[in-house]
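Engineer: Okay, handing you the structure first.
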Amino acid sequence: MSAAPNGKPVGPTLAELQKTLSSVINGSASSRENALAESWIDLAGQTISAKDRLDVYVDAWFMRLEESLAEDFPKVRARFKSGEWEALLRDYFAQSPSQSFTLARAGDAFPAFLSEKLQVPKWLADIALFEKALYKALSARDVDVWNVAELQTFDEEKLEALSFDLQPSVTLIESKWNVFDPDVEFGSNPDLIDSFVVVYRDGFTPTSRSVAADEFEFLRQIANKATLGELAQEFQETNWLVWLSEAASEGLIHPRLK
């Protein structure tokens with residue numbers, strides 16, 4: 001609260017108002033900030049308290065975030081009863097208040113949060129990573145699909161040194177459990193099976209496909225900027241050229257052209 005030259009208090013600046021009310025609404029406010037926000041409420045002619053009026057916005061904020069995360073993480077949501085889910089999210093937002101202007105980022109820290117919760121099955125965090133990758137793919141920027149036939153135009157030295165980038169929509173995820181099969185229902189713990197999946201966008205549709213361990217390692221080496229020469233050497237006894245062609249045609253990779 002600032003003061004006028006005559007010493008009398010005046011209203012908050014817009015920055016003060018935004019910062020304090022944001023803290024109150026997202027649940028991260030101190031007792032001083034809560035009291036300050038309540039002092040700004042004009043109660044003339046009102047029958048409810050300043051706190052109750054602020055709680056209307058607090059509840060609406062949480063309801064919208066809860067709805068958004070339920071849409072982004074449907075399989076995770078299905079594991080909890082309503083009261084358990086709401087308690088989990090209140091804990092999550094108290095630990096990781098939403099800082100983004102868009103609801104599309106509200107769940108970014110949710111998989112990591114779940115992985116640290118002792119009462120939550122460890123495999124559930126892997127499902128959350130998978131569902132996060134799907135909504136990330138949906139909002140990723142568009143890219144041109146690379147034609148692997150262009151390799152024929154490269155001289156040998158340039159070809160050996162060529163490396164690649166994963167396209168913005170792509171996420172590689174591995175799990176110790178069978179959690180990536182869309183037909184699997186999780187009434188109990190999933191089977192303990194090493195699983196690998198690549199998430200990407202096909203046109204405008206987020207999608208995924210399971211891959212074998214060796215193809216997953218090939219894609220991971222690409223993500224780590226291995227050169228084509230290094231890939232050919234390490235995976236010479238596999239179908240690496242087929243994997244490369246599929247990754248290009250599906251829009252998973254693009255060459256780093258200097």
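Each chain in the structure tokens gets a letter, A, B and so on, in the order shown; residues start at 1 in every chain, and ligands are counted from 1 in the order they appear.
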Show me, as a count of residues only, the residues that have an atom within 12 Å of Glu157 in chain A when counting only C-alpha atoms, minus same-chain residues fewer than 5 positions from it.

Structural biologist: 5

Engineer: Compile the contact shell of Glu67 in chain A as a VMD selection string: residues with an atom at most 12 Å away, counting only C-alpha atoms, same-chain residues fewer than 6 positions apart removed.

Structural biologist: chain A and resid 60 to 61 73 to 74 77 82 85 to 86 89 103 to 104 106 to 107

Engineer: Mind dumping a table of every range 103-163 of chain A residue within 9 Å of range 189-200 of chain A, with the nearest atom pair and its distance in Å to one decimal, using only C-alpha atoms, sorted by chain and rising number, as a Markdown table?

Structural biologist:
```
| residue | atom | partner | partner_atom | distance |
| --- | --- | --- | --- | --- |
| A:Pro121 | CA | A:Asn189 | CA | 8.1 |
| A:Trp123 | CA | A:Pro190 | CA | 8.0 |
| A:Phe130 | CA | A:Val199 | CA | 7.7 |
| A:Ala133 | CA | A:Val199 | CA | 6.4 |
| A:Leu134 | CA | A:Val199 | CA | 6.6 |
| A:Lys136 | CA | A:Tyr200 | CA | 8.9 |
| A:Ala137 | CA | A:Tyr200 | CA | 5.7 |
| A:Leu138 | CA | A:Tyr200 | CA | 8.5 |
```

Engineer: Determine which residues of range 55-207 of chain A DSSP labels as strand (DSSP E or B) from the backbone of this structure, then write them out as a list in words.

Structural biologist: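 Of range 55-207 of chain A, only Phe164, Asp165, Leu166, Thr171, Leu172, Ile173, Glu174, Ser175, Ser195, Phe196, Val197, Val198, Val199, Tyr200, Arg201, Asp202, Thr205, Pro206 and Thr207 of chain A fall in strand (DSSP E or B).
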
Engineer: Just asking: which residues within range 33-240 of chain A are helix (DSSP H, G or I) according to DSSP, as a ChimeraX atom specification?

Structural biologist: /A:33-39,50-72,74-77,82-95,103-105,110-115,122-139,148-153,156-161,213-223,228-234,240

Engineer: Find the residues around range 112-115 of chain A up to 9 Å (only C-alpha atoms counted), leave out those fewer than 2 positions away in its own chain, and share them as an mmCIF file with C-alpha atoms, in the first residue's frame.

Structural biologist:
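To be explicit, this is the file written out as result_5.cif:
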```
data_model
loop_
_atom_site.group_PDB
_atom_site.id
_atom_site.type_symbol
_atom_site.label_atom_id
_atom_site.label_comp_id
_atom_site.auth_asym_id
_atom_site.auth_seq_id
_atom_site.Cartn_x
_atom_site.Cartn_y
_atom_site.Cartn_z
ATOM 1 C CA TYR A 92 0.252 -30.195 -5.939
ATOM 2 C CA GLN A 95 3.843 -27.049 -3.946
ATOM 3 C CA SER A 96 3.863 -25.899 -7.580
ATOM 4 C CA ASP A 108 3.927 -29.572 -16.378
ATOM 5 C CA ALA A 109 5.310 -30.431 -12.916
ATOM 6 C CA PHE A 110 2.622 -33.011 -12.130
ATOM 7 C CA LYS A 117 4.484 -39.016 -3.379
ATOM 8 C CA LEU A 118 5.079 -42.097 -1.218
ATOM 9 C CA VAL A 120 1.154 -42.982 -5.030
ATOM 10 C CA PRO A 121 2.276 -46.030 -7.087
ATOM 11 C CA LYS A 122 5.567 -45.303 -8.855
ATOM 12 C CA TRP A 123 4.188 -46.455 -12.203
ATOM 13 C CA LEU A 124 1.490 -43.785 -12.052
ATOM 14 C CA ALA A 125 4.151 -41.100 -12.563
ATOM 15 C CA ASP A 126 5.132 -42.842 -15.824
ATOM 16 C CA ALA A 128 1.508 -39.005 -16.127
ATOM 17 C CA LEU A 129 4.693 -38.492 -18.169
#
```

Engineer: Show which residues sit within 10 Å of Leu219 in chain A, as a PyMOL selection string. Count only C-alpha atoms, and ignore same-chain residues fewer than 2 positions away.

Structural biologist: chain A and resi 164+166+172+198+211+213-217+221-226+231+240+243-244+247+252-253
